[in-house]
Every structure is written in structure tokens, then in C-alpha cells.
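Chemist: Can you keep this structure in mind? I'll have questions shortly.
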Amino acid sequence: MRALLWFQPAIVCALLAGVAPDIAAQDKLPQAMSGKWSGVSRQGQAGQTTFGGTWSVVIDKQNPDGTIEGKATWAGARACTMDNEPFTGRFDGTQLTIVAPFRDKIPNARCGKARLVLKKTGAGNDFEGDIPASQDKYRLTLGPS
């Protein structure tokens with residue numbers, strides 16, 4: 001009886017070791033991803049303006065706890081940009097959050113850091129989302145490059 005009890009933890013550990021890599025592989029993001037962004041500026045003297053461009057990310061590190069690190073590029077904006085800027089974030093298997101610094105393209109643009117929040121749209125690695133704190137109603141897409 002004691003021999004059977006000794007083997008049970010070993011069996012459980014062996015089973016978990018075999019299943020864990022498969023679970024982690026399902027949550028692995030592609031190293032390179034790209035997408036489009038669009039926004040609608042707030043009402044002003046000139047009225048609403050729609051604008052947009054492309055953006056991309058390269059995941060340099062994805063940790064088992066879901067945290068990620070990488071570089072981001074944001075093109076096509078008039079006032080704020082990213083050119084291979086370092087970012088941090090988190091991926092929980094469904095939601096991808098990226099915190100990245102935008103740089104001023106024009107004086108006094110006051111771009112700063114932004115928090116981009118995207119959710120998986122299906123079984124693959126395609127995402128849609130926005131920049132919740134922005135007044136410009138951004139819509140983002142992102143998928144494998």
C-alpha cells in the first residue's frame with residue numbers, strides 16, 4: 001500500500017509536466033504582429049476628423065506569468081508616433097494589454113504613455129481593441145505578420 005501512495009504524486013507530476021507545455025503553447029503570442037488603427041477626433045471648430053495608419057509590435061519576451069516585453073511602431077499619425085519604442089504588457093490568453101510611450105512629432109503634442117487594450121477575436125491570434133483613455137475613439141486591429 002505504501003508503494004502505491006508513493007507513486008501517486010509521481011504520476012500526477014508526470015501528467016502535469018506533459019500537459020503544461022501544451023497549455024502554455026496555446027497562449028503563446030506570435031513574435032511579430034501588425035495591424036491598423038483609426039481614430040475620430042473630438043468635435044472642434046473644424047468638426048470631426050477621421051484618421052488612421054498602421055502599427056506593429058515585436059514580442060522580445062513572454063513570461064509564464066503573462067507579462068510581455070517588446071518594441072512597438074506606430075505610423076501615420078500627425079502628432080504622436082512610436083518608432084521601435086520599448087513597451088511592457090500582459091497577455092492572459094484572451095486580453096492583450098500594451099503600455100507604450102508615444103513620442104511628440106510636433107512641439108507640445110503631449111503624447112506620453114498609452115494603454116492599448118485588445119481582445120482575441122477568435123481561435124487564432126487576431127485581436128481588436130482600443131485605447132480606453134483616449135478622447136479620439138481609437139479602434140485597433142492586430143494579428144500575426
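Each chain in the C-alpha cells gets a letter, A, B and so on, in the order shown; residues start at 1 in every chain, and ligands are counted from 1 in the order they appear.
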For the interface of segment 125-145 of chain A with segment 70-80 of chain A (cut-off 12 Å, counting only C-alpha atoms), please tabulate each contacting residue of segment 125-145 of chain A alongside its nearest pair of atoms and their separation in Å to one decimal, rows sorted by chain and increasing number, as a tab-separated table.

Modeler:
```
residue	atom	partner	partner_atom	distance
A:Tyr138	CA	A:Ala77	CA	11.8
A:Leu140	CA	A:Trp74	CA	11.2
A:Leu142	CA	A:Ala72	CA	11.8
```

Chemist: List as a PDB file with C-alpha atoms, in the first residue's frame the protein and nucleic acid residues near Gly93 of chain A, meaning an atom at most 9 Å away when only C-alpha atoms are counted, but skip any in the same chain fewer than 5 places from it.

Modeler:
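Output below, filename selection.pdb:
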```
ATOM      1  CA  GLN A  26      -1.821  27.823 -26.741  1.00  0.00           C
ATOM      2  CA  ASP A  27      -1.237  31.166 -25.009  1.00  0.00           C
ATOM      3  CA  LYS A  28       1.979  31.980 -26.876  1.00  0.00           C
ATOM      4  CA  LEU A  29       1.821  35.152 -28.969  1.00  0.00           C
ATOM      5  CA  GLY A  66       1.644  36.519 -18.864  1.00  0.00           C
ATOM      6  CA  LYS A 120      -8.888  37.970 -29.214  1.00  0.00           C
TER       7      LYS A 120
END
```

Chemist: Which is closest to Leu118 of chain A among A:Asp104, A:Ser145, A:Phe51, A:Gly35, if we use only C-alpha atoms?

Modeler: A:Gly35

Chemist: Counting only C-alpha atoms, which residue out of A:Ala100, A:Pro132, A:Trp37, A:Gln62 sits closest to Thr50 of chain A?

Modeler: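 Among the listed residues, the smallest separation from Thr50 of chain A belongs to A:Trp37.
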
Chemist: Between atom CA of Ile98 of chain A and atom CA of Gly122 of chain A, measure the distance and give it in Å to one decimal.

Modeler: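 Spanning atom CA of Ile98 of chain A to atom CA of Gly122 of chain A is a straight-line distance of 19.4 Å.
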
Chemist: List the neighbours of Gln31 of chain A out to 9 Å using only C-alpha atoms; skip same-chain residues closer than 5 positions along the sequence, and give me the result as number ranges by chain.

Modeler: A: 57-61, 144-145

Chemist: I need the chosen residues saved as a PDB file, in the first residue's frame, with C-alpha atoms.

Modeler:
```pdb
ATOM      1  CA  VAL A  57       4.810  45.003 -32.338  1.00  0.00           C
ATOM      2  CA  VAL A  58       7.695  42.596 -31.860  1.00  0.00           C
ATOM      3  CA  ILE A  59       7.496  40.443 -28.734  1.00  0.00           C
ATOM      4  CA  ASP A  60      11.003  40.101 -27.286  1.00  0.00           C
ATOM      5  CA  LYS A  61       9.966  38.271 -24.115  1.00  0.00           C
ATOM      6  CA  PRO A 144       0.378  37.773 -36.985  1.00  0.00           C
ATOM      7  CA  SER A 145       2.714  39.410 -39.516  1.00  0.00           C
TER       8      SER A 145
END
```

Chemist: Give me the residues near Pro101 of chain A as a list of chain:residue names, where near means some atom within 8 Å (using only C-alpha atoms) and where sequence neighbours in that chain fewer than 3 positions away do not count.

Modeler: A:Met82, A:Glu85, A:Pro86, A:Phe87, A:Cys111, A:Gly112, A:Lys113, A:Ala114

Chemist: Choose the residue, out of A:Ser38, A:Gln48, A:Thr121, A:Ser56, that has the smallest atom-to-atom separation from Asn84 of chain A; count only C-alpha atoms.

Modeler: A:Ser56

Chemist: Could you tell me how far atom CA of Trp55 of chain A sits from atom CA of Ser34 of chain A, in Å to one decimal place?

Modeler: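 Rounded to one decimal, the two atoms are 5.8 Å apart.
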
Chemist: Measure the distance from atom CA of Gly52 of chain A to atom CA of Ile68 of chain A in Å and round it to one decimal.

Modeler: 25.7 Å

Chemist: I need the residues in segment 58-104 of chain A that are strand (DSSP E) according to DSSP; give them as a count of residues only.

Modeler: 36
